[in-house]
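**Student:** Just one file: model_11.pdb, with PDB, C-alpha atoms.
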MODEL        1
ATOM      1  CA  MET A 133       0.000   0.000   0.000
ATOM      2  CA  ILE A 134       1.280   3.442  -0.874
ATOM      3  CA  ILE A 135       0.602   5.990   1.836
ATOM      4  CA  GLY A 136       0.355   9.534   0.528
ATOM      5  CA  SER A 137       1.871  12.620   2.082
ATOM      6  CA  THR A 138      -1.478  13.838   3.469
ATOM      7  CA  ILE A 139      -2.024  10.677   5.510
ATOM      8  CA  LYS A 140       1.612  10.650   6.652
ATOM      9  CA  LYS A 141       1.218  14.224   7.856
ATOM     10  CA  LYS A 142      -2.003  13.407   9.746
ATOM     11  CA  ILE A 143      -0.407  10.403  11.466
ATOM     12  CA  LYS A 144       2.601  12.482  12.520
ATOM     13  CA  GLU A 145       0.359  15.270  13.840
ATOM     14  CA  HIS A 146      -1.774  12.772  15.762
ATOM     15  CA  ALA A 147       1.356  11.182  17.283
ATOM     16  CA  LYS A 148       2.668  14.556  18.407
ATOM     17  CA  GLN A 149      -0.707  15.491  19.930
ATOM     18  CA  GLU A 150      -0.856  12.288  21.983
ATOM     19  CA  HIS A 151       2.802  12.191  23.040
ATOM     20  CA  PRO A 152       3.972  10.794  25.486
ATOM     21  CA  ARG A 153       1.185   8.218  24.982
ATOM     22  CA  GLU A 154       0.998   6.156  21.816
ATOM     23  CA  CYS A 155      -1.591   7.316  19.325
ATOM     24  CA  CYS A 156      -3.631   4.958  17.166
ATOM     25  CA  GLY A 157      -6.052   5.087  14.292
ATOM     26  CA  LEU A 158      -7.169   3.499  11.066
ATOM     27  CA  ILE A 159      -6.607   4.022   7.380
ATOM     28  CA  VAL A 160      -9.805   3.523   5.435
ATOM     29  CA  ASP A 161     -10.442   3.079   1.728
ATOM     30  CA  LYS A 162     -13.447   5.322   1.162
ATOM     31  CA  ASP A 163     -14.634   5.079  -2.435
ATOM     32  CA  GLY A 164     -11.098   4.497  -3.723
ATOM     33  CA  GLU A 165      -9.464   7.234  -1.635
ATOM     34  CA  LEU A 166      -7.441   6.510   1.490
ATOM     35  CA  ILE A 167      -8.446   8.528   4.545
ATOM     36  CA  CYS A 168      -6.984   8.690   8.030
ATOM     37  CA  VAL A 169      -9.379   8.141  10.943
ATOM     38  CA  LYS A 170      -8.135   8.914  14.467
ATOM     39  CA  SER A 171      -9.052   6.621  17.318
ATOM     40  CA  GLN A 172      -8.987   7.105  21.025
ATOM     41  CA  ASN A 173      -6.257   4.935  22.534
ATOM     42  CA  ALA A 174      -8.205   2.678  24.907
ATOM     43  CA  SER A 175      -5.059   1.164  26.457
ATOM     44  CA  PHE A 176      -4.199   1.909  30.060
ATOM     45  CA  GLU A 177      -0.474   1.610  29.241
ATOM     46  CA  LYS A 178       1.237   4.643  27.702
ATOM     47  CA  ASN A 179       3.599   2.458  25.610
ATOM     48  CA  MET A 180       0.793   0.347  24.136
ATOM     49  CA  PHE A 181      -2.300   0.992  22.087
ATOM     50  CA  ARG A 182      -5.784  -0.402  21.692
ATOM     51  CA  VAL A 183      -8.151   1.022  19.095
ATOM     52  CA  ASN A 184     -11.386   2.088  20.715
ATOM     53  CA  PRO A 185     -14.128  -0.332  19.505
ATOM     54  CA  ARG A 186     -16.572   2.511  18.844
ATOM     55  CA  ASP A 187     -13.993   4.280  16.687
ATOM     56  CA  TYR A 188     -13.348   1.032  14.806
ATOM     57  CA  LEU A 189     -17.078   0.632  14.121
ATOM     58  CA  ALA A 190     -17.413   4.254  12.987
ATOM     59  CA  ALA A 191     -14.424   3.870  10.646
ATOM     60  CA  SER A 192     -15.799   0.620   9.202
ATOM     61  CA  ASN A 193     -19.005   2.470   8.313
ATOM     62  CA  LEU A 194     -16.957   4.914   6.207
ATOM     63  CA  GLY A 195     -15.401   2.224   3.994
ATOM     64  CA  GLU A 196     -12.963  -0.684   4.093
ATOM     65  CA  ILE A 197     -10.374  -0.572   6.861
ATOM     66  CA  VAL A 198      -7.054  -1.335   5.135
ATOM     67  CA  ALA A 199      -4.522  -0.462   7.838
ATOM     68  CA  VAL A 200      -3.994   0.272  11.515
ATOM     69  CA  TYR A 201      -1.548   2.971  12.554
ATOM     70  CA  HIS A 202       0.073   3.806  15.857
ATOM     71  CA  SER A 203       3.115   5.563  17.234
ATOM     72  CA  HIS A 204       6.161   4.324  19.091
ATOM     73  CA  VAL A 205       7.241   6.719  21.807
ATOM     74  CA  ASN A 206       9.978   4.653  23.427
ATOM     75  CA  GLY A 207      12.565   4.785  20.643
ATOM     76  CA  LYS A 208      11.755   1.326  19.306
ATOM     77  CA  GLU A 209      12.063   1.639  15.538
ATOM     78  CA  SER A 210      10.906  -1.748  14.348
ATOM     79  CA  PHE A 211       7.575  -3.444  14.760
ATOM     80  CA  SER A 212       7.124  -5.508  17.881
ATOM     81  CA  GLU A 213       6.367  -9.197  17.519
ATOM     82  CA  PHE A 214       2.901  -8.376  18.854
ATOM     83  CA  ASP A 215       2.413  -5.782  16.072
ATOM     84  CA  LYS A 216       3.403  -8.362  13.456
ATOM     85  CA  PHE A 217       1.200 -11.029  15.042
ATOM     86  CA  ASN A 218      -1.840  -8.735  14.951
ATOM     87  CA  SER A 219      -1.114  -7.549  11.420
ATOM     88  CA  ILE A 220      -0.950 -11.126  10.163
ATOM     89  CA  ASN A 221      -3.963 -12.378  12.131
ATOM     90  CA  HIS A 222      -6.168  -9.468  11.106
ATOM     91  CA  ASP A 223      -4.763  -9.369   7.563
ATOM     92  CA  LEU A 224      -4.192  -5.625   7.895
ATOM     93  CA  THR A 225      -1.173  -3.494   7.153
ATOM     94  CA  TYR A 226       0.325  -1.892  10.252
ATOM     95  CA  VAL A 227       1.887   1.553  10.079
ATOM     96  CA  VAL A 228       4.081   2.941  12.842
ATOM     97  CA  PHE A 229       5.393   6.443  13.395
ATOM     98  CA  ASN A 230       8.454   6.753  15.609
ATOM     99  CA  THR A 231       8.296  10.055  17.480
ATOM    100  CA  GLN A 232      11.992  10.017  18.388
ATOM    101  CA  THR A 233      13.351   9.433  14.885
ATOM    102  CA  ASN A 234      10.489  11.172  13.028
ATOM    103  CA  SER A 235      10.172   8.128  10.753
ATOM    104  CA  LEU A 236       7.269   6.146   9.377
ATOM    105  CA  ALA A 237       7.311   2.429   8.508
ATOM    106  CA  GLN A 238       4.786  -0.151   7.436
ATOM    107  CA  PHE A 239       4.417  -3.915   7.816
ATOM    108  CA  SER A 240       2.112  -5.865   5.534
ATOM    109  CA  PRO A 241       1.090  -9.464   6.190
TER     110      PRO A 241
ENDMDL
END
Once more with this new file: its structure as structure tokens, please.
**Tutor:**
Amino acid sequence: MIIGSTIKKKIKEHAKQEHPRECCGLIVDKDGELICVKSQNASFEKNMFRVNPRDYLAASNLGEIVAVYHSHVNGKESFSEFDKFNSINHDLTYVVFNTQTNSLAQFSP
């Protein structure tokens, strides 16, 4: 999946707004156009994320959810094994923004 500059910018902005907690959200294919949908991080841990179920439902009503995004705030650049596990099991691309290195990466199952 090719993530355009507009979505990259929105993910980075969301990550900076939520820092020092991880942010999370969804990338949705709405009528052939990718859009970025923020989610409330429902995790109680600041270095973890959990997409709010209501936000997931709202995003799924907009179109097809094609990716999950979140930020890493602890300097970890690569995807955790848990990120990869979830990406594969949900058959969704995972996108991560590292707030310390200002870099974006994606993992596709």
**Student:** Between A:Ser203, A:Ser171, A:Ser137, A:Asn179, which is the closest to Thr231 (chain A) once you count only C-alpha atoms?
**Tutor:**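 Once distances to Thr231 (chain A) are computed over only C-alpha atoms, the minimum belongs to A:Ser203.
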**Student:** Could you tell me which residues the PyMOL selection byres ((chain A and resi 220-229) around 6) returns for this structure, as an NGL selection string?
**Tutor:** :A and (198-203 or 217-219 or 230 or 235-241)
**Student:** For the residues selected in the previous step, produce a file with C-alpha atoms as an mmCIF file, in the coordinates of the input.
**Tutor:**
data_model
loop_
_atom_site.group_PDB
_atom_site.id
_atom_site.type_symbol
_atom_site.label_atom_id
_atom_site.label_comp_id
_atom_site.auth_asym_id
_atom_site.auth_seq_id
_atom_site.Cartn_x
_atom_site.Cartn_y
_atom_site.Cartn_z
ATOM 1 C CA VAL A 198 -7.054 -1.335 5.135
ATOM 2 C CA ALA A 199 -4.522 -0.462 7.838
ATOM 3 C CA VAL A 200 -3.994 0.272 11.515
ATOM 4 C CA TYR A 201 -1.548 2.971 12.554
ATOM 5 C CA HIS A 202 0.073 3.806 15.857
ATOM 6 C CA SER A 203 3.115 5.563 17.234
ATOM 7 C CA PHE A 217 1.200 -11.029 15.042
ATOM 8 C CA ASN A 218 -1.840 -8.735 14.951
ATOM 9 C CA SER A 219 -1.114 -7.549 11.420
ATOM 10 C CA ASN A 230 8.454 6.753 15.609
ATOM 11 C CA SER A 235 10.172 8.128 10.753
ATOM 12 C CA LEU A 236 7.269 6.146 9.377
ATOM 13 C CA ALA A 237 7.311 2.429 8.508
ATOM 14 C CA GLN A 238 4.786 -0.151 7.436
ATOM 15 C CA PHE A 239 4.417 -3.915 7.816
ATOM 16 C CA SER A 240 2.112 -5.865 5.534
ATOM 17 C CA PRO A 241 1.090 -9.464 6.190
#
**Student:** For the file shown, report as a PyMOL selection string the outcome of the PyMOL selection byres ((chain A and resi 174) around 12) at residue level.
**Tutor:** chain A and resi 153-157+171-173+175-188
**Student:** In Å, how far is it from CA of Thr233 (chain A) to CA of Asn206 (chain A)?
**Tutor:**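 Atom-to-atom, CA of Thr233 (chain A) to CA of Asn206 (chain A), that is 10.4 Å.
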**Student:** What does the distance from CA of Ile143 (chain A) to CA of Gly164 (chain A) come to in Å, to one decimal?
**Tutor:**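 Between CA of Ile143 (chain A) and CA of Gly164 (chain A) the gap works out to 19.5 Å.
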**Student:** I would like the residues chosen by the PyMOL selection byres ((chain A and resi 159) around 9) on the shown file; could you give them as JSON, numbers by chain?
**Tutor:** {"A": [139, 157, 158, 160, 161, 166, 167, 168, 169, 170, 191, 196, 197, 198, 199, 200, 201]}
